[in-house]
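S.K.: Structure: my_file_1.cif, mmCIF, C-alpha atoms and all ligand atoms.
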```cif
data_structure
#
loop_
_atom_site.label_atom_id
_atom_site.label_comp_id
_atom_site.auth_asym_id
_atom_site.auth_seq_id
_atom_site.Cartn_x
_atom_site.Cartn_y
_atom_site.Cartn_z
CA MET P 27 0.00 0.00 0.00
CA VAL P 28 1.31 3.45 -0.92
CA GLN P 29 0.73 5.93 1.92
CA VAL P 30 2.82 9.00 1.24
CA ILE P 31 2.84 12.38 2.97
CA PHE P 32 4.28 15.35 1.10
CA LEU P 33 5.87 17.85 3.46
CA GLY P 34 7.42 21.04 2.20
CA PRO P 35 6.92 24.77 2.31
CA PRO P 36 4.36 26.68 0.23
CA GLY P 37 5.47 26.61 -3.40
CA SER P 38 7.80 23.63 -3.02
CA GLY P 39 5.76 21.69 -5.59
CA LYS P 40 3.67 19.46 -3.30
CA GLY P 41 0.51 19.87 -5.38
CA THR P 42 2.29 19.60 -8.74
CA GLN P 43 4.16 16.48 -7.72
CA ALA P 44 1.35 14.83 -5.73
CA ALA P 45 -0.84 14.90 -8.86
CA ARG P 46 1.89 13.17 -10.89
CA VAL P 47 2.77 10.60 -8.23
CA SER P 48 -0.91 9.85 -7.72
CA GLU P 49 -1.14 8.92 -11.44
CA LEU P 50 2.02 6.84 -11.26
CA PHE P 51 0.92 4.80 -8.26
CA GLN P 52 -2.85 4.89 -8.95
CA VAL P 53 -3.85 6.21 -5.53
CA PRO P 54 -5.83 9.39 -4.79
CA HIS P 55 -4.18 12.76 -4.34
CA ILE P 56 -5.68 14.27 -1.21
CA SER P 57 -4.92 17.97 -0.84
CA THR P 58 -6.36 19.69 2.22
CA GLY P 59 -5.80 23.05 0.51
CA ASP P 60 -7.88 21.95 -2.52
CA ILE P 61 -10.65 20.52 -0.31
CA LEU P 62 -10.75 23.77 1.68
CA ARG P 63 -10.81 25.92 -1.49
CA THR P 64 -13.79 23.86 -2.75
CA HIS P 65 -15.59 24.54 0.54
CA VAL P 66 -14.83 28.25 0.23
CA ALA P 67 -16.07 28.35 -3.38
CA GLN P 68 -19.28 26.53 -2.41
CA GLN P 69 -19.69 28.77 0.66
CA THR P 70 -20.28 25.82 2.97
CA ASP P 71 -20.26 26.37 6.71
CA LEU P 72 -16.70 25.01 6.85
CA GLY P 73 -15.64 27.20 3.92
CA GLN P 74 -17.02 30.33 5.55
CA LYS P 75 -15.17 29.55 8.80
CA ALA P 76 -11.90 28.67 7.00
CA LYS P 77 -11.74 31.58 4.56
CA ALA P 78 -10.34 34.28 6.85
CA PHE P 79 -7.53 31.98 8.04
CA MET P 80 -6.63 31.05 4.46
CA ASP P 81 -6.72 34.67 3.27
CA ARG P 82 -4.28 35.63 6.04
CA GLY P 83 -2.04 32.61 5.41
CA ASP P 84 -2.70 31.12 8.85
CA LEU P 85 -3.45 27.46 9.43
CA VAL P 86 -7.14 26.67 9.63
CA PRO P 87 -7.80 25.39 13.20
CA ASP P 88 -7.39 21.65 13.74
CA GLY P 89 -10.99 21.46 14.97
CA LEU P 90 -12.14 22.21 11.41
CA ILE P 91 -9.51 20.11 9.63
CA LEU P 92 -9.34 16.73 11.37
CA ASP P 93 -12.91 15.54 10.67
CA MET P 94 -12.60 16.76 7.09
CA VAL P 95 -9.48 14.62 6.58
CA LEU P 96 -10.92 11.59 8.35
CA ASP P 97 -14.00 11.79 6.18
CA ARG P 98 -11.87 11.85 3.00
CA LEU P 99 -9.68 8.95 4.17
CA HIS P 100 -12.80 6.83 4.76
CA GLN P 101 -13.95 7.16 1.16
CA PRO P 102 -13.65 3.94 -0.89
CA ASP P 103 -10.87 5.14 -3.22
CA ALA P 104 -8.58 5.85 -0.24
CA GLN P 105 -8.66 2.29 1.09
CA LYS P 106 -5.74 1.15 -1.10
CA GLY P 107 -3.48 4.09 -0.31
CA TRP P 108 -3.17 7.84 -0.80
CA ILE P 109 -0.86 10.79 -1.35
CA LEU P 110 -1.46 13.44 1.32
CA ASP P 111 -0.54 16.97 0.21
CA GLY P 112 -0.65 19.75 2.82
CA PHE P 113 -1.52 17.50 5.74
CA PRO P 114 -0.19 17.21 8.41
CA ARG P 115 0.87 20.80 9.09
CA ASN P 116 1.64 20.62 12.82
CA VAL P 117 2.46 18.05 15.49
CA ALA P 118 -1.20 17.57 16.52
CA GLN P 119 -2.15 16.73 12.91
CA ALA P 120 0.86 14.39 12.56
CA THR P 121 -0.10 12.55 15.75
CA PHE P 122 -3.65 12.27 14.44
CA ILE P 123 -2.68 10.73 11.09
CA GLU P 124 -0.24 8.40 12.83
CA GLN P 125 -3.13 7.03 14.92
CA VAL P 126 -5.37 6.69 11.85
CA VAL P 127 -2.70 4.71 9.99
CA LEU P 128 -1.99 2.48 13.00
CA GLN P 129 -5.68 1.77 13.42
CA GLN P 130 -6.10 0.93 9.71
CA LYS P 131 -3.11 -1.38 9.91
CA ALA P 132 -4.54 -3.19 12.92
CA GLU P 133 -7.91 -3.60 11.16
CA ASN P 134 -6.31 -4.92 7.94
CA ALA P 135 -3.42 -6.83 9.48
CA SER P 136 -4.21 -10.09 7.69
CA ASP P 137 -4.56 -8.38 4.26
CA ASN P 138 -1.39 -6.35 4.48
CA ALA P 139 1.32 -8.72 5.59
CA ASN P 140 3.85 -7.04 3.23
CA ASP P 141 2.72 -3.54 3.93
CA LYS P 142 5.30 -0.75 3.93
CA SER P 143 5.20 1.84 6.65
CA LEU P 144 4.16 5.43 6.11
CA ASN P 145 6.56 7.34 3.90
CA THR P 146 7.01 11.08 4.40
CA ILE P 147 8.85 13.11 1.79
CA ASN P 148 10.15 16.60 2.37
CA LEU P 149 10.60 18.72 -0.74
CA GLU P 150 13.45 21.17 -0.15
CA VAL P 151 13.46 24.52 -1.97
CA PRO P 152 15.12 27.80 -0.86
CA ASP P 153 12.73 30.50 0.40
CA GLN P 154 13.66 32.98 -2.36
CA VAL P 155 12.74 30.45 -5.08
CA LEU P 156 9.45 29.72 -3.30
CA ILE P 157 8.54 33.41 -3.23
CA GLU P 158 9.34 33.81 -6.95
CA ARG P 159 7.27 30.73 -7.87
CA LEU P 160 4.24 31.80 -5.85
CA LEU P 161 4.29 35.40 -7.09
CA ALA P 162 4.37 34.01 -10.64
CA ARG P 163 1.42 31.67 -9.92
CA GLY P 164 -0.87 34.37 -8.46
CA ARG P 165 -3.46 32.32 -6.51
CA ALA P 166 -5.75 34.35 -4.17
CA ASP P 167 -3.29 33.82 -1.27
CA ASP P 168 -0.18 34.50 -3.38
CA CYS P 169 0.38 38.22 -2.65
CA GLU P 170 3.83 38.92 -1.19
CA GLN P 171 2.66 39.75 2.33
CA THR P 172 0.58 36.56 2.62
CA ILE P 173 3.32 34.43 1.05
CA ARG P 174 5.81 35.70 3.64
CA HIS P 175 3.33 34.96 6.44
CA ARG P 176 2.66 31.44 5.06
CA LEU P 177 6.42 30.84 5.03
CA GLN P 178 6.71 32.03 8.63
CA VAL P 179 3.84 29.75 9.67
CA TYR P 180 5.54 26.89 7.80
CA HIS P 181 8.88 27.45 9.57
CA GLU P 182 7.23 27.73 13.01
CA GLN P 183 4.58 25.00 12.86
CA THR P 184 5.27 22.58 10.00
CA GLU P 185 9.06 22.41 9.77
CA PRO P 186 9.30 20.66 13.19
CA LEU P 187 7.61 17.67 11.52
CA ILE P 188 10.86 16.96 9.67
CA GLN P 189 12.37 15.91 13.01
CA PHE P 190 9.10 14.18 14.03
CA TYR P 191 9.36 11.85 11.00
CA ARG P 192 13.15 11.56 11.16
CA ASP P 193 12.77 10.22 14.72
CA ARG P 194 10.36 7.57 13.36
CA ASN P 195 12.66 6.65 10.46
CA GLN P 196 9.89 7.64 8.03
CA LEU P 197 11.54 10.59 6.30
CA SER P 198 12.97 10.99 2.80
CA ILE P 199 14.41 14.29 1.56
CA VAL P 200 14.07 15.26 -2.10
CA ASN P 201 15.53 18.34 -3.79
CA GLY P 202 12.50 20.25 -5.10
CA ASN P 203 14.67 22.87 -6.80
CA LEU P 204 15.05 20.88 -10.02
CA SER P 205 12.86 20.65 -13.11
CA VAL P 206 9.37 19.24 -12.55
CA ASP P 207 10.31 16.01 -14.39
CA GLN P 208 13.53 15.60 -12.42
CA VAL P 209 11.69 16.03 -9.11
CA THR P 210 9.09 13.42 -10.15
CA ALA P 211 11.88 10.97 -11.02
CA GLU P 212 13.53 11.51 -7.61
CA LEU P 213 10.18 11.08 -5.83
CA LYS P 214 9.48 7.84 -7.66
CA LYS P 215 12.86 6.50 -6.54
CA ALA P 216 12.25 7.58 -2.93
CA ILE P 217 8.80 5.95 -2.82
CA VAL P 218 9.94 2.67 -4.37
CA ALA P 219 12.98 2.54 -2.06
CA ALA P 220 11.04 3.18 1.15
P1 LIG W 301 -2.19 24.69 0.48
O1 LIG W 301 -3.10 24.71 -0.67
O2 LIG W 301 -1.74 23.41 1.04
O3 LIG W 301 -0.98 25.64 0.08
P2 LIG W 301 0.58 25.60 0.45
O4 LIG W 301 1.08 24.57 1.36
O5 LIG W 301 0.85 27.01 0.81
O6 LIG W 301 1.18 25.11 -0.86
P3 LIG W 301 1.02 25.69 -2.30
O7 LIG W 301 -0.21 25.15 -2.95
O8 LIG W 301 1.18 27.18 -2.31
O9 LIG W 301 2.34 25.12 -2.92
P4 LIG W 301 2.74 23.64 -3.33
O10 LIG W 301 3.85 23.16 -2.47
O11 LIG W 301 1.54 22.75 -3.47
O12 LIG W 301 3.36 23.97 -4.74
P5 LIG W 301 2.67 23.90 -6.19
O13 LIG W 301 2.80 22.53 -6.72
O14 LIG W 301 1.31 24.52 -6.13
O15 LIG W 301 -2.81 25.52 1.70
C1 LIG W 301 -3.44 26.77 1.51
C2 LIG W 301 -4.05 27.23 2.82
O16 LIG W 301 -5.06 26.29 3.25
C3 LIG W 301 -3.08 27.31 4.01
O17 LIG W 301 -2.40 28.54 4.06
C4 LIG W 301 -4.03 27.10 5.20
O18 LIG W 301 -4.73 28.29 5.48
C5 LIG W 301 -5.03 26.10 4.66
N1 LIG W 301 -4.64 24.69 4.93
C6 LIG W 301 -4.35 23.73 4.01
N2 LIG W 301 -4.06 22.56 4.61
C7 LIG W 301 -4.17 22.80 5.95
C8 LIG W 301 -3.98 21.99 7.10
N3 LIG W 301 -3.60 20.70 7.00
N4 LIG W 301 -4.17 22.55 8.31
C9 LIG W 301 -4.55 23.83 8.44
N5 LIG W 301 -4.74 24.66 7.40
C10 LIG W 301 -4.56 24.15 6.16
O19 LIG W 301 3.69 24.83 -6.99
C11 LIG W 301 3.72 26.22 -6.78
C12 LIG W 301 4.10 26.92 -8.10
O20 LIG W 301 5.42 26.51 -8.46
C13 LIG W 301 3.20 26.51 -9.27
O21 LIG W 301 3.00 27.62 -10.08
C14 LIG W 301 4.01 25.43 -9.99
O22 LIG W 301 3.71 25.36 -11.37
C15 LIG W 301 5.43 25.87 -9.73
N6 LIG W 301 6.36 24.75 -9.65
C16 LIG W 301 6.16 23.56 -9.02
N7 LIG W 301 7.24 22.78 -9.13
C17 LIG W 301 8.17 23.49 -9.83
C18 LIG W 301 9.50 23.21 -10.27
N8 LIG W 301 10.11 22.05 -10.00
N9 LIG W 301 10.14 24.17 -10.96
C19 LIG W 301 9.54 25.36 -11.24
N10 LIG W 301 8.27 25.68 -10.86
C20 LIG W 301 7.60 24.75 -10.16
#
```
Turn the structure described in the file into structure tokens.
M.R.:
Amino acid sequence: MVQVIFLGPPGSGKGTQAARVSELFQVPHISTGDILRTHVAQQTDLGQKAKAFMDRGDLVPDGLILDMVLDRLHQPDAQKGWILDGFPRNVAQATFIEQVVLQQKAENASDNANDKSLNTINLEVPDQVLIERLLARGRADDCEQTIRHRLQVYHEQTEPLIQFYRDRNQLSIVNGNLSVDQVTAELKKAIVAA
């Protein structure tokens, strides 16, 4: 079973690469940012609560995110694996997904005798390259002030997960500052090797 988490700062290519890797390994690409943007566009209750946080570049509170992710992971297409893009973003979310994966493993122990453990991949890209990429993309939250705040939030809340997964021996590092095709090739190697 392929269960891959893409870590990495805003603009590191998580979404671009998760879509490609999802095709390669035939498992769904689950992006919490995309799910949230759909809620905002549809003006659901969740979308209305999340919008101000997203516009500022802050994390949406865990109380709004965890059920949303659990719901998505329970859908039929996610039973054979997934690529998680943008989740987890802090230690509480990482602890949550760790418990979900452990519980799934316990439930499917007889089916998954050769199962690989969770694989987390950090895409490394220098901050200045990230800023240039995001300014060129121009999504609603891609103005310079919000980009810099998203980067600060990443360094404070998400970057500690690199050590969290290193401690569990579940971390691969991939250079995201290469061409899109080169990054995909490196990711494929890292996933197959894990
Ligand atoms: P989210 O949508 O997850 O945004 P992000 O993490 O800021 O990431 P981006 O989508 O900006 O970048 P990416 O790494 O996916 O790069 P991409 O492939 O797009 O989150 C948005 C907001 O939602 C958050 O701020 C928060 O408010 C909320 N949120 C989401 N998840 C949450 C959670 N779990 N908890 C709480 N809140 C949450 O590439 C960027 C650009 O670079 C593109 O234009 C692309 O074409 C280009 N590019 C990609 N790769 C390359 C390359 N190799 N070379 C050159 N250009 C490249």
S.K.: Got a sec to check which residues lie within 7 Å of ligand LIG 301 (chain W), using all atoms listed in the file, and send them as JSON, numbers by chain?
M.R.: {"P": [34, 35, 36, 37, 38, 39, 40, 41, 42, 43, 57, 58, 59, 60, 62, 79, 80, 83, 84, 85, 86, 87, 88, 91, 111, 112, 113, 114, 115, 159, 160, 162, 163, 176, 202, 203, 204, 205, 206, 209]}
S.K.: Go through P:Val126, P:Ala120, P:Val66, P:Val151 and flag the residue nearest Asp97 of chain P, using all atoms listed in the file for the distances.
M.R.: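 Going through P:Val126, P:Ala120, P:Val66, P:Val151 one by one, the smallest distance to Asp97 of chain P is for P:Val126.
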S.K.: Which one of P:Ala76, P:Ile109, P:Leu33, P:Ile173 sits closest to Leu50 of chain P if you count all atoms listed in the file?
M.R.: P:Ile109
S.K.: Fewer than 4 positions away in the same chain doesn't count, so skip those; otherwise give me all residues within 12 Å of Ala216 of chain P, counting only C-alpha atoms, as a PyMOL selection string.
M.R.: chain P and resi 28+30+32+47+145-149+196-201+209-212+220
S.K.: May I have the residues within 12 Å of Ala118 of chain P as a PyMOL selection string, using all atoms listed in the file and disregarding those fewer than 6 positions away in the same chain?
M.R.: chain P and resi 87-89+91-92+124-125+183-184+186-187+190
S.K.: Calculate how many Å separate atom CA of Val179 of chain P from atom CA of Gln154 of chain P, rounding to one decimal.
M.R.: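 Going from atom CA of Val179 of chain P over to atom CA of Gln154 of chain P, I get 15.9 Å.
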S.K.: Between atom CA of His55 of chain P and atom CA of Glu170 of chain P, what is the distance, to one decimal in Å?
M.R.: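 Spanning atom CA of His55 of chain P to atom CA of Glu170 of chain P is a straight-line distance of 27.5 Å.
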S.K.: Can you work out which one of P:Val117, P:Val218, P:Leu99, P:Ile61 has the shortest atom-to-atom distance to Glu182 of chain P, counting only C-alpha atoms?
M.R.: P:Val117
S.K.: Rounded to one decimal, what separation in Å do you get between atom CA of Leu128 of chain P and atom CA of Pro102 of chain P?
M.R.: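 Atom-to-atom, atom CA of Leu128 of chain P to atom CA of Pro102 of chain P, that is 18.2 Å.
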